[in-house]
file upload.cif (mmCIF, C-alpha atoms)
data_my_file
loop_
_atom_site.label_atom_id
_atom_site.label_comp_id
_atom_site.auth_asym_id
_atom_site.auth_seq_id
_atom_site.Cartn_x
_atom_site.Cartn_y
_atom_site.Cartn_z
CA MET A 1 103.90 67.97 98.45
CA GLU A 2 105.77 70.64 96.60
CA ALA A 3 105.85 74.11 98.06
CA VAL A 4 103.42 76.51 96.46
CA GLU A 5 104.33 80.16 96.03
CA ILE A 6 101.32 82.47 96.05
CA GLU A 7 101.83 85.28 93.56
CA ASN A 8 98.73 87.27 94.51
CA LYS A 9 99.07 87.93 98.24
CA SER A 10 95.77 89.75 98.55
CA ALA A 11 93.88 86.87 96.97
CA SER A 12 95.45 84.41 99.40
CA LYS A 13 93.88 86.32 102.31
CA SER A 14 90.49 84.78 101.42
CA PRO A 15 91.31 81.07 101.37
CA ILE A 16 87.78 79.94 102.24
CA LEU A 17 86.29 81.40 99.05
CA ALA A 18 89.13 79.98 96.95
CA LEU A 19 88.65 76.57 98.56
CA LEU A 20 84.91 76.84 97.88
CA ALA A 21 85.62 77.34 94.17
CA LEU A 22 87.87 74.28 94.14
CA THR A 23 85.25 72.29 96.05
CA ILE A 24 82.55 73.16 93.52
CA GLY A 25 84.86 71.97 90.74
CA ALA A 26 85.50 68.72 92.61
CA PHE A 27 81.74 68.31 93.11
CA ALA A 28 81.03 68.70 89.39
CA ILE A 29 83.77 66.26 88.39
CA GLY A 30 82.66 63.69 90.96
CA MET A 31 79.06 63.99 89.79
CA THR A 32 80.11 63.40 86.18
CA GLU A 33 82.13 60.34 87.11
CA PHE A 34 79.36 58.45 88.90
CA ILE A 35 76.13 59.75 87.36
CA ILE A 36 75.80 57.10 84.64
CA MET A 37 75.26 54.40 87.30
CA GLY A 38 72.04 56.02 88.41
CA LEU A 39 70.83 56.58 84.84
CA LEU A 40 71.92 53.30 83.25
CA PRO A 41 68.43 52.11 82.18
CA GLU A 42 67.36 55.56 80.92
CA VAL A 43 70.48 56.06 78.78
CA ALA A 44 70.30 52.51 77.43
CA GLU A 45 66.65 52.87 76.41
CA SER A 46 67.13 56.34 74.92
CA LEU A 47 70.13 55.38 72.78
CA LYS A 48 68.79 51.89 71.95
CA VAL A 49 71.79 50.02 73.35
CA SER A 50 72.15 47.24 75.94
CA ILE A 51 72.75 47.73 79.66
CA PRO A 52 76.29 46.24 79.46
CA LEU A 53 77.18 48.52 76.52
CA THR A 54 75.87 51.50 78.44
CA GLY A 55 78.01 50.41 81.39
CA LEU A 56 81.05 50.86 79.15
CA LEU A 57 80.40 54.61 79.36
CA ILE A 58 81.74 54.26 82.90
CA THR A 59 84.65 52.21 81.58
CA GLY A 60 85.41 54.87 78.96
CA TYR A 61 85.45 57.60 81.58
CA ALA A 62 87.66 55.58 83.88
CA LEU A 63 90.14 54.79 81.11
CA GLY A 64 90.19 58.48 80.17
CA VAL A 65 91.26 59.26 83.74
CA ALA A 66 93.69 56.37 83.95
CA PHE A 67 95.63 57.23 80.81
CA GLY A 68 94.92 60.94 80.57
CA ALA A 69 95.88 61.94 84.13
CA PRO A 70 99.61 61.10 84.01
CA ILE A 71 99.95 62.32 80.43
CA ILE A 72 98.42 65.73 81.19
CA THR A 73 100.40 65.99 84.45
CA ILE A 74 103.68 65.44 82.61
CA ALA A 75 102.76 67.57 79.58
CA THR A 76 101.74 70.54 81.73
CA HIS A 77 104.54 70.21 84.28
CA ARG A 78 105.74 73.81 83.81
CA MET A 79 102.36 75.39 83.18
CA LYS A 80 101.14 77.89 85.77
CA ARG A 81 98.76 76.08 88.07
CA LYS A 82 95.83 78.48 87.86
CA GLN A 83 96.01 78.55 84.07
CA LEU A 84 95.99 74.76 84.08
CA LEU A 85 92.95 74.64 86.36
CA LEU A 86 91.04 77.02 84.08
CA PHE A 87 92.00 74.97 81.02
CA LEU A 88 90.85 71.77 82.74
CA MET A 89 87.49 73.27 83.70
CA ILE A 90 86.90 74.55 80.16
CA LEU A 91 87.66 71.06 78.83
CA PHE A 92 85.36 69.57 81.46
CA ILE A 93 82.51 71.91 80.49
CA ALA A 94 83.00 71.09 76.80
CA GLY A 95 82.81 67.36 77.53
CA ASN A 96 79.57 67.62 79.47
CA LEU A 97 78.02 70.00 76.96
CA LEU A 98 78.83 67.47 74.23
CA ALA A 99 77.25 64.73 76.37
CA ALA A 100 74.05 66.76 76.76
CA LEU A 101 73.85 67.18 72.97
CA ALA A 102 75.12 63.72 71.99
CA PRO A 103 72.97 62.31 69.15
CA ASN A 104 74.19 58.73 69.61
CA TYR A 105 76.20 56.36 71.78
CA GLY A 106 79.51 56.99 70.02
CA VAL A 107 79.40 60.75 70.57
CA LEU A 108 78.38 60.24 74.20
CA MET A 109 81.40 57.97 74.72
CA VAL A 110 83.72 60.62 73.23
CA ALA A 111 82.14 63.24 75.48
CA ARG A 112 82.73 61.08 78.54
CA ILE A 113 86.39 60.59 77.66
CA VAL A 114 86.89 64.34 77.06
CA ALA A 115 85.46 65.13 80.50
CA ALA A 116 87.55 62.35 82.05
CA LEU A 117 90.83 63.86 80.86
CA THR A 118 90.41 66.62 83.43
CA HIS A 119 89.80 64.41 86.46
CA GLY A 120 93.22 63.30 87.69
CA SER A 121 95.04 66.55 87.00
CA PHE A 122 92.32 68.66 88.62
CA PHE A 123 92.57 66.78 91.90
CA GLY A 124 96.36 66.67 91.77
CA VAL A 125 96.81 70.38 90.99
CA GLY A 126 93.86 71.38 93.18
CA SER A 127 95.50 69.68 96.15
CA ILE A 128 98.70 71.67 95.65
CA ILE A 129 96.82 74.97 95.34
CA ALA A 130 94.64 74.19 98.36
CA ALA A 131 97.77 73.48 100.41
CA GLY A 132 99.27 76.83 99.37
CA LEU A 133 96.22 78.84 100.38
CA VAL A 134 96.66 78.32 104.12
CA PRO A 135 99.43 78.19 106.73
CA LYS A 136 101.59 75.07 106.82
CA GLU A 137 99.86 73.55 109.84
CA LYS A 138 96.44 73.73 108.11
CA ARG A 139 97.33 72.31 104.69
CA ALA A 140 95.93 68.81 105.22
CA GLY A 141 92.61 70.32 106.32
CA ALA A 142 92.51 72.56 103.24
CA ILE A 143 93.00 69.57 100.95
CA ALA A 144 90.29 67.70 102.86
CA ILE A 145 87.89 70.59 102.27
CA MET A 146 88.46 70.40 98.52
CA PHE A 147 87.90 66.63 98.49
CA THR A 148 84.63 67.18 100.33
CA GLY A 149 83.30 68.11 96.90
CA LEU A 150 83.89 64.55 95.73
CA THR A 151 82.13 63.13 98.77
CA LEU A 152 79.17 65.49 98.38
CA ALA A 153 78.95 64.47 94.73
CA ASN A 154 78.16 60.94 95.91
CA ILE A 155 75.82 61.93 98.74
CA LEU A 156 73.93 64.72 96.97
CA GLY A 157 75.06 65.17 93.37
CA VAL A 158 74.47 61.68 92.02
CA PRO A 159 71.08 61.13 93.73
CA ILE A 160 69.86 64.59 92.67
CA GLY A 161 71.25 64.09 89.18
CA THR A 162 69.55 60.70 89.00
CA PHE A 163 66.24 62.22 90.07
CA ILE A 164 66.56 65.00 87.47
CA GLY A 165 67.47 62.50 84.76
CA GLN A 166 64.59 60.18 85.58
CA ALA A 167 62.10 63.06 85.77
CA TYR A 168 63.24 65.18 82.79
CA GLY A 169 65.46 62.90 80.72
CA TRP A 170 69.12 61.97 81.19
CA ARG A 171 70.33 64.87 79.03
CA SER A 172 68.97 67.34 81.57
CA THR A 173 71.42 65.92 84.11
CA PHE A 174 74.38 66.72 81.86
CA TRP A 175 73.01 70.23 81.30
CA THR A 176 72.92 70.62 85.08
CA ILE A 177 76.53 69.46 85.41
CA THR A 178 77.55 71.88 82.65
CA VAL A 179 76.06 74.77 84.61
CA ILE A 180 77.83 73.66 87.80
CA GLY A 181 81.07 73.49 85.80
CA LEU A 182 80.56 77.07 84.61
CA ILE A 183 80.04 78.23 88.19
CA ALA A 184 83.27 76.49 89.20
CA LEU A 185 85.13 78.05 86.25
CA ILE A 186 84.02 81.56 87.21
CA GLY A 187 84.82 80.91 90.86
CA ILE A 188 88.34 79.66 90.07
CA ALA A 189 88.99 82.58 87.71
CA VAL A 190 87.89 85.17 90.29
CA LEU A 191 88.75 83.66 93.66
CA VAL A 192 91.76 81.38 93.23
CA PRO A 193 95.11 83.23 93.31
CA LYS A 194 97.87 82.66 90.79
CA VAL A 195 100.48 80.12 91.84
CA GLU A 196 103.89 79.21 90.51
CA ALA A 197 104.57 75.92 88.74
CA THR A 198 105.78 73.01 90.85
CA SER A 199 109.38 73.13 91.98
CA SER A 200 110.43 69.49 91.60
CA SER A 201 112.11 68.34 88.40
CA LEU A 202 110.39 66.16 85.85
CA LYS A 203 113.31 63.73 86.07
CA GLN A 204 112.76 63.39 89.82
CA GLU A 205 109.03 62.78 89.34
CA LEU A 206 109.56 60.13 86.64
CA GLY A 207 112.36 58.44 88.57
CA VAL A 208 109.88 56.65 90.85
CA LEU A 209 108.61 54.67 87.86
CA ARG A 210 111.75 52.55 88.04
CA ARG A 211 110.61 51.01 91.31
CA PRO A 212 108.77 47.65 91.16
CA ALA A 213 107.04 48.53 94.45
CA VAL A 214 105.24 51.39 92.70
CA TYR A 215 103.62 48.97 90.26
CA VAL A 216 102.61 46.62 93.08
CA ALA A 217 100.96 49.59 94.82
CA LEU A 218 99.10 50.46 91.61
CA LEU A 219 97.88 46.85 91.28
CA MET A 220 96.70 46.96 94.89
CA THR A 221 94.57 49.99 94.08
CA THR A 222 93.34 48.71 90.71
CA PHE A 223 92.07 45.37 91.97
CA GLY A 224 91.37 46.31 95.58
CA PHE A 225 88.94 49.02 94.47
CA GLY A 226 88.00 47.37 91.16
CA GLY A 227 85.68 44.93 92.91
CA VAL A 228 83.52 47.84 94.07
CA PHE A 229 82.74 48.92 90.53
CA THR A 230 82.30 45.39 89.24
CA ALA A 231 79.12 45.38 91.31
CA PHE A 232 78.22 49.04 91.77
CA THR A 233 78.31 49.91 88.07
CA TYR A 234 75.20 47.77 87.72
CA ILE A 235 73.57 48.69 91.02
CA SER A 236 70.53 50.23 89.34
CA PRO A 237 69.48 47.13 87.34
CA ILE A 238 70.37 44.87 90.30
CA LEU A 239 68.05 46.82 92.60
CA THR A 240 65.22 47.10 90.07
CA ASP A 241 65.40 43.66 88.43
CA ILE A 242 66.51 41.47 91.35
CA THR A 243 65.56 43.34 94.54
CA LYS A 244 62.42 44.72 92.84
CA PHE A 245 62.79 48.29 94.06
CA PRO A 246 60.78 50.89 92.09
CA THR A 247 62.95 53.00 89.80
CA ASN A 248 62.22 56.18 91.72
CA PHE A 249 63.76 54.63 94.87
CA ILE A 250 67.23 54.34 93.32
CA SER A 251 68.21 57.94 94.02
CA TYR A 252 67.40 57.51 97.74
CA ILE A 253 69.43 54.31 97.90
CA LEU A 254 72.38 56.15 96.34
CA VAL A 255 72.13 58.70 99.17
CA LEU A 256 72.43 55.82 101.63
CA PHE A 257 75.52 54.58 99.81
CA GLY A 258 76.91 58.12 99.84
CA VAL A 259 76.54 58.36 103.61
CA GLY A 260 78.36 55.05 103.87
CA ILE A 261 81.31 56.18 101.77
CA THR A 262 81.61 59.37 103.82
CA LEU A 263 81.86 57.37 107.03
CA GLY A 264 84.19 54.89 105.38
CA ASN A 265 86.53 57.64 104.22
CA ILE A 266 86.77 59.03 107.77
CA ILE A 267 87.18 55.63 109.42
CA GLY A 268 89.67 54.43 106.82
CA GLY A 269 91.79 57.54 107.28
CA LYS A 270 91.96 57.16 111.05
CA LEU A 271 92.82 53.47 110.81
CA ALA A 272 95.47 54.09 108.15
CA ASP A 273 97.15 56.67 110.38
CA ARG A 274 97.39 54.10 113.18
CA LYS A 275 98.44 50.91 111.38
CA LEU A 276 98.47 51.25 107.60
CA MET A 277 98.89 47.79 106.08
CA PRO A 278 97.03 45.77 108.75
CA SER A 279 94.04 48.10 108.58
CA LEU A 280 94.08 48.16 104.78
CA LEU A 281 94.16 44.37 104.61
CA GLY A 282 91.36 44.14 107.15
CA ILE A 283 89.12 46.56 105.28
CA LEU A 284 89.73 44.77 101.96
CA VAL A 285 88.76 41.46 103.56
CA VAL A 286 85.55 43.03 104.88
CA LEU A 287 84.88 44.48 101.41
CA ALA A 288 85.29 41.07 99.75
CA ILE A 289 82.92 39.49 102.28
CA VAL A 290 80.30 42.23 101.90
CA LEU A 291 80.33 41.89 98.11
CA ALA A 292 79.89 38.12 98.39
CA VAL A 293 77.05 38.54 100.89
CA PHE A 294 75.34 41.04 98.55
CA SER A 295 74.80 38.20 96.06
CA ILE A 296 72.35 36.82 98.65
CA THR A 297 70.94 39.93 100.32
CA ASP A 298 70.17 41.63 96.99
CA GLN A 299 67.08 39.40 96.81
CA TYR A 300 65.52 41.09 99.87
CA LYS A 301 64.83 44.79 100.27
CA VAL A 302 65.88 45.53 103.87
CA PRO A 303 68.98 43.28 103.87
CA ALA A 304 69.97 44.80 100.52
CA LEU A 305 69.81 48.32 101.97
CA ILE A 306 71.90 47.34 104.98
CA THR A 307 74.46 45.66 102.72
CA ILE A 308 74.70 48.69 100.44
CA PHE A 309 75.35 50.97 103.42
CA ILE A 310 78.10 48.68 104.72
CA LEU A 311 79.46 48.34 101.19
CA GLY A 312 79.86 52.12 101.04
CA ILE A 313 81.79 52.12 104.31
CA ALA A 314 84.08 49.29 103.23
CA ALA A 315 84.57 50.63 99.69
CA PHE A 316 85.83 54.08 100.64
CA GLY A 317 87.48 52.81 103.79
CA THR A 318 90.19 51.51 101.46
CA VAL A 319 90.85 54.85 99.76
CA PRO A 320 93.00 56.65 102.40
CA GLY A 321 95.11 53.54 103.01
CA LEU A 322 95.73 52.87 99.33
CA GLN A 323 96.62 56.52 98.74
CA LEU A 324 98.94 56.70 101.76
CA HIS A 325 100.68 53.48 100.78
CA MET A 326 101.42 54.92 97.34
CA LEU A 327 102.78 58.12 98.88
CA ASN A 328 104.98 56.04 101.18
CA THR A 329 106.24 54.09 98.20
CA ALA A 330 106.99 57.15 96.03
CA LYS A 331 107.39 59.97 98.54
CA GLU A 332 110.00 61.83 96.45
CA ALA A 333 107.37 62.51 93.77
CA PRO A 334 104.02 63.04 95.56
CA THR A 335 102.30 64.83 92.66
CA LEU A 336 102.93 62.11 90.10
CA ALA A 337 102.38 59.39 92.70
CA SER A 338 99.01 60.85 93.69
CA THR A 339 97.99 61.26 90.07
CA LEU A 340 99.02 57.71 89.20
CA ASN A 341 97.03 56.35 92.11
CA ILE A 342 93.95 58.28 91.00
CA ALA A 343 94.54 56.76 87.57
CA ALA A 344 94.75 53.31 89.18
CA PHE A 345 91.44 53.85 91.00
CA ASN A 346 89.81 54.67 87.69
CA LEU A 347 91.52 51.80 85.90
CA GLY A 348 89.94 49.62 88.57
CA ASN A 349 86.60 51.28 87.85
CA ALA A 350 87.00 50.51 84.15
CA LEU A 351 88.11 46.94 84.75
CA GLY A 352 85.26 46.37 87.17
CA ALA A 353 82.61 47.77 84.82
CA TYR A 354 83.98 45.64 81.99
CA ILE A 355 84.06 42.43 84.05
CA GLY A 356 80.53 43.03 85.28
CA GLY A 357 79.35 43.61 81.71
CA VAL A 358 80.99 40.40 80.52
CA VAL A 359 79.30 38.45 83.33
CA ILE A 360 75.91 39.85 82.30
CA ASP A 361 76.44 39.33 78.56
CA LEU A 362 77.66 35.73 78.92
CA GLN A 363 75.03 34.97 81.56
CA PHE A 364 77.91 33.61 83.63
CA GLY A 365 76.52 32.19 86.88
CA GLY A 366 73.10 33.58 86.01
CA GLY A 367 74.19 36.92 84.58
CA LEU A 368 73.17 39.90 86.72
CA VAL A 369 72.74 37.63 89.75
CA ALA A 370 76.42 36.62 89.64
CA VAL A 371 77.86 40.14 89.45
CA PRO A 372 78.31 40.68 93.24
CA TRP A 373 80.21 37.46 93.92
CA VAL A 374 82.41 37.96 90.86
CA ALA A 375 83.11 41.43 92.29
CA SER A 376 84.22 39.74 95.50
CA ILE A 377 86.73 37.64 93.55
CA VAL A 378 88.21 40.79 91.99
CA THR A 379 88.69 42.25 95.48
CA VAL A 380 90.40 39.02 96.61
CA VAL A 381 92.96 39.57 93.84
CA GLY A 382 93.54 43.03 95.34
CA ILE A 383 94.07 41.42 98.75
CA LEU A 384 96.78 39.17 97.29
CA PHE A 385 98.60 42.17 95.82
CA THR A 386 98.25 43.96 99.16
CA LEU A 387 99.90 41.03 100.95
CA TRP A 388 102.73 41.32 98.43
CA GLY A 389 102.96 45.07 99.03
CA ALA A 390 103.06 44.51 102.80
CA GLN A 391 106.04 42.20 102.39
CA GLN A 392 107.83 44.82 100.30
CA GLN A 393 107.19 47.56 102.83
CA LYS A 394 107.91 45.97 106.18
CA ARG A 395 108.49 49.26 107.90
CA ILE A 396 105.76 51.85 107.37
CA ILE A 397 106.84 55.46 107.79
CA ARG A 398 104.40 58.24 107.00
CA PRO A 399 106.08 60.69 104.59
CA GLN A 400 106.39 64.36 105.42
CA ILE A 401 104.31 65.38 102.45
CA PHE A 402 103.81 68.98 103.45
CA GLY A 403 107.30 69.69 104.67
#
call {"tool": "encode", "arguments": {"input": "upload.cif", "output": "structure tokens"}}
result
Amino acid sequence: MEAVEIENKSASKSPILALLALTIGAFAIGMTEFIIMGLLPEVAESLKVSIPLTGLLITGYALGVAFGAPIITIATHRMKRKQLLLFLMILFIAGNLLAALAPNYGVLMVARIVAALTHGSFFGVGSIIAAGLVPKEKRAGAIAIMFTGLTLANILGVPIGTFIGQAYGWRSTFWTITVIGLIALIGIAVLVPKVEATSSSLKQELGVLRRPAVYVALLMTTFGFGGVFTAFTYISPILTDITKFPTNFISYILVLFGVGITLGNIIGGKLADRKLMPSLLGILVVLAIVLAVFSITDQYKVPALITIFILGIAAFGTVPGLQLHMLNTAKEAPTLASTLNIAAFNLGNALGAYIGGVVIDLQFGGGLVAVPWVASIVTVVGILFTLWGAQQQKRIIRPQIFG
């Protein structure tokens, strides 16, 4: 992680408030990313489009992150970090405001992509600023606090947003996100101190792209996590059409999934610190099995709930390991490496949503019924790439990111 020079010394004396502003921004962005899954039927019915086509709104967002994150990171390499954060939040607010007002599917897709352009860079730059707000020995904890916003978005934001959308219409959810974005913008403007641009050279950052191991690591992330979204993109119709849960139960089930991903993130991080590649492979195997089992348990209410909870644990249990492996592979350029891996996660989201939609449209293996086991196959592909990555990186050394 590049050193961060705080320009405003007085502002840096209140790191908790600055971190809170960053956390609210992370919460809003995380809520935007996942909210369509909870509102899939409502959006489809309102805009008179199919469920698979509505699912592509998730694909569009993910592709916006995947391709927009590295481009914005490179294009704004010398821009002052606080200015960049403010620009990203303004763009994010504009995207969600456009979504709330979207008259048709096409405009909503554009709005999703506009909001998505802010995702990767916000988390990349936010991590650097968070690290610079506190003493060296507390930097990892500061970054973790900011990323708590993303976790809370899954536990609280998406279920609450789903409830609001089902009760008052899906547009009301995007109005809510717009307001949260405005609060984050004001908080960043007032509470976050000015910081210098990153100190590493653009040539040094881009140099890691010449390494084949970097691309293997990206494929590990894309397919390893892609299986999650092959199934979870369509979790709402699966639970209502197959499991026969009432629509108003979906938001509570999403809370259960959110608790699972929180535990998974903690467990995955601890395991990755101990033995990176063995633990990552083990979690991916568990994930593939859970997805396959869900194709059976989704027919029964209680087993389905248990499976969804375990799915959350396994899904986000992979995240710390995949991120750490990328940082090990490209430790000379942590900012670009982190951004690229976030892009790979979202490329996996897009690929998964697309594959699930194709399965439903073609009625492959019974359509919606087949989505979970096809998701398991996608994860198996990620396991194969992980085995390849493990062979490339026989000796795992945790990089001194904050040195």
call {"tool": "residues_near_point", "arguments": {"input": "upload.cif", "point": "(92.4, 57.7, 82.6)", "cutoff": "12 Å", "atoms": "only C-alpha atoms", "output": "PyMOL selection string"}}
result
chain A and resi 33+58-73+112-121+339-351
call {"tool": "write_last_selection", "arguments": {"input": "upload.cif", "atoms": "C-alpha atoms", "output": "mmCIF file, keeping the file's coordinate frame"}}
result
data_model
loop_
_atom_site.group_PDB
_atom_site.id
_atom_site.type_symbol
_atom_site.label_atom_id
_atom_site.label_comp_id
_atom_site.auth_asym_id
_atom_site.auth_seq_id
_atom_site.Cartn_x
_atom_site.Cartn_y
_atom_site.Cartn_z
ATOM 1 C CA GLU A 33 82.130 60.340 87.110
ATOM 2 C CA ILE A 58 81.740 54.260 82.900
ATOM 3 C CA THR A 59 84.650 52.210 81.580
ATOM 4 C CA GLY A 60 85.410 54.870 78.960
ATOM 5 C CA TYR A 61 85.450 57.600 81.580
ATOM 6 C CA ALA A 62 87.660 55.580 83.880
ATOM 7 C CA LEU A 63 90.140 54.790 81.110
ATOM 8 C CA GLY A 64 90.190 58.480 80.170
ATOM 9 C CA VAL A 65 91.260 59.260 83.740
ATOM 10 C CA ALA A 66 93.690 56.370 83.950
ATOM 11 C CA PHE A 67 95.630 57.230 80.810
ATOM 12 C CA GLY A 68 94.920 60.940 80.570
ATOM 13 C CA ALA A 69 95.880 61.940 84.130
ATOM 14 C CA PRO A 70 99.610 61.100 84.010
ATOM 15 C CA ILE A 71 99.950 62.320 80.430
ATOM 16 C CA ILE A 72 98.420 65.730 81.190
ATOM 17 C CA THR A 73 100.400 65.990 84.450
ATOM 18 C CA ARG A 112 82.730 61.080 78.540
ATOM 19 C CA ILE A 113 86.390 60.590 77.660
ATOM 20 C CA VAL A 114 86.890 64.340 77.060
ATOM 21 C CA ALA A 115 85.460 65.130 80.500
ATOM 22 C CA ALA A 116 87.550 62.350 82.050
ATOM 23 C CA LEU A 117 90.830 63.860 80.860
ATOM 24 C CA THR A 118 90.410 66.620 83.430
ATOM 25 C CA HIS A 119 89.800 64.410 86.460
ATOM 26 C CA GLY A 120 93.220 63.300 87.690
ATOM 27 C CA SER A 121 95.040 66.550 87.000
ATOM 28 C CA THR A 339 97.990 61.260 90.070
ATOM 29 C CA LEU A 340 99.020 57.710 89.200
ATOM 30 C CA ASN A 341 97.030 56.350 92.110
ATOM 31 C CA ILE A 342 93.950 58.280 91.000
ATOM 32 C CA ALA A 343 94.540 56.760 87.570
ATOM 33 C CA ALA A 344 94.750 53.310 89.180
ATOM 34 C CA PHE A 345 91.440 53.850 91.000
ATOM 35 C CA ASN A 346 89.810 54.670 87.690
ATOM 36 C CA LEU A 347 91.520 51.800 85.900
ATOM 37 C CA GLY A 348 89.940 49.620 88.570
ATOM 38 C CA ASN A 349 86.600 51.280 87.850
ATOM 39 C CA ALA A 350 87.000 50.510 84.150
ATOM 40 C CA LEU A 351 88.110 46.940 84.750
#
call {"tool": "closest_residue", "arguments": {"input": "upload.cif", "among": "A:Ile313, A:Phe294, A:Arg274, A:Ser338", "to": "Ser127 of chain A", "atoms": "all atoms listed in the file"}}
result
A:Ser338
call {"tool": "closest_residue", "arguments": {"input": "upload.cif", "among": "A:Ala130, A:Ile267, A:Ala337, A:Val359", "to": "Gly317 of chain A", "atoms": "all atoms listed in the file"}}
result
A:Ile267
call {"tool": "resolve_selection", "arguments": {"input": "upload.cif", "expression": "the PyMOL selection byres ((chain A and resi 375-390) around 10)", "output": "count of residues only"}}
result
59
call {"tool": "residues_around", "arguments": {"input": "upload.cif", "residues": "segment 237-246 of chain A", "least_positions_apart": "5", "cutoff": "8 Å", "atoms": "all atoms listed in the file", "output": "list in words"}}
result
Leu40, Pro41, Asp298, Gln299, Tyr300, Lys301, Ala304, Leu368 and Val369 of chain A
call {"tool": "write_last_selection", "arguments": {"input": "upload.cif", "atoms": "C-alpha atoms", "output": "tab-separated table (two decimals), in the coordinates of the input"}}
result
chain	number	residue	atom	x	y	z
A	40	LEU	CA	71.92	53.30	83.25
A	41	PRO	CA	68.43	52.11	82.18
A	298	ASP	CA	70.17	41.63	96.99
A	299	GLN	CA	67.08	39.40	96.81
A	300	TYR	CA	65.52	41.09	99.87
A	301	LYS	CA	64.83	44.79	100.27
A	304	ALA	CA	69.97	44.80	100.52
A	368	LEU	CA	73.17	39.90	86.72
A	369	VAL	CA	72.74	37.63	89.75
call {"tool": "build_atoms", "arguments": {"input": "upload.cif", "residues": "segment 17-22 of chain A", "atoms": "all heavy atoms", "output": "PDB file, keeping the file's coordinate frame"}}
result
ATOM      1  N   LEU A  17      86.984  81.229 100.333  1.00  0.00           N
ATOM      2  CA  LEU A  17      86.290  81.400  99.050  1.00  0.00           C
ATOM      3  C   LEU A  17      87.023  80.654  97.934  1.00  0.00           C
ATOM      4  O   LEU A  17      86.397  80.060  97.058  1.00  0.00           O
ATOM      5  CB  LEU A  17      86.160  82.884  98.722  1.00  0.00           C
ATOM      6  CG  LEU A  17      85.236  83.691  99.636  1.00  0.00           C
ATOM      7  CD1 LEU A  17      85.242  85.169  99.233  1.00  0.00           C
ATOM      8  CD2 LEU A  17      83.819  83.135  99.590  1.00  0.00           C
ATOM      9  N   ALA A  18      88.357  80.709  97.959  1.00  0.00           N
ATOM     10  CA  ALA A  18      89.130  79.980  96.950  1.00  0.00           C
ATOM     11  C   ALA A  18      88.911  78.480  97.087  1.00  0.00           C
ATOM     12  O   ALA A  18      88.747  77.760  96.086  1.00  0.00           O
ATOM     13  CB  ALA A  18      90.612  80.329  97.081  1.00  0.00           C
ATOM     14  N   LEU A  19      88.911  77.991  98.326  1.00  0.00           N
ATOM     15  CA  LEU A  19      88.650  76.570  98.560  1.00  0.00           C
ATOM     16  C   LEU A  19      87.242  76.183  98.130  1.00  0.00           C
ATOM     17  O   LEU A  19      87.011  75.083  97.624  1.00  0.00           O
ATOM     18  CB  LEU A  19      88.858  76.243 100.038  1.00  0.00           C
ATOM     19  CG  LEU A  19      90.306  76.197 100.536  1.00  0.00           C
ATOM     20  CD1 LEU A  19      90.348  76.078 102.051  1.00  0.00           C
ATOM     21  CD2 LEU A  19      91.047  75.030  99.886  1.00  0.00           C
ATOM     22  N   LEU A  20      86.288  77.105  98.316  1.00  0.00           N
ATOM     23  CA  LEU A  20      84.910  76.840  97.880  1.00  0.00           C
ATOM     24  C   LEU A  20      84.848  76.644  96.374  1.00  0.00           C
ATOM     25  O   LEU A  20      84.162  75.739  95.882  1.00  0.00           O
ATOM     26  CB  LEU A  20      84.011  77.995  98.309  1.00  0.00           C
ATOM     27  CG  LEU A  20      82.543  77.901  97.860  1.00  0.00           C
ATOM     28  CD1 LEU A  20      81.896  76.659  98.453  1.00  0.00           C
ATOM     29  CD2 LEU A  20      81.774  79.154  98.264  1.00  0.00           C
ATOM     30  N   ALA A  21      85.590  77.473  95.629  1.00  0.00           N
ATOM     31  CA  ALA A  21      85.620  77.340  94.170  1.00  0.00           C
ATOM     32  C   ALA A  21      86.197  75.983  93.767  1.00  0.00           C
ATOM     33  O   ALA A  21      85.674  75.316  92.864  1.00  0.00           O
ATOM     34  CB  ALA A  21      86.444  78.471  93.560  1.00  0.00           C
ATOM     35  N   LEU A  22      87.268  75.580  94.426  1.00  0.00           N
ATOM     36  CA  LEU A  22      87.870  74.280  94.140  1.00  0.00           C
ATOM     37  C   LEU A  22      86.911  73.141  94.499  1.00  0.00           C
ATOM     38  O   LEU A  22      86.826  72.132  93.787  1.00  0.00           O
ATOM     39  CB  LEU A  22      89.179  74.117  94.909  1.00  0.00           C
ATOM     40  CG  LEU A  22      90.326  75.056  94.519  1.00  0.00           C
ATOM     41  CD1 LEU A  22      91.497  74.889  95.479  1.00  0.00           C
ATOM     42  CD2 LEU A  22      90.774  74.788  93.084  1.00  0.00           C
TER      43      LEU A  22
END
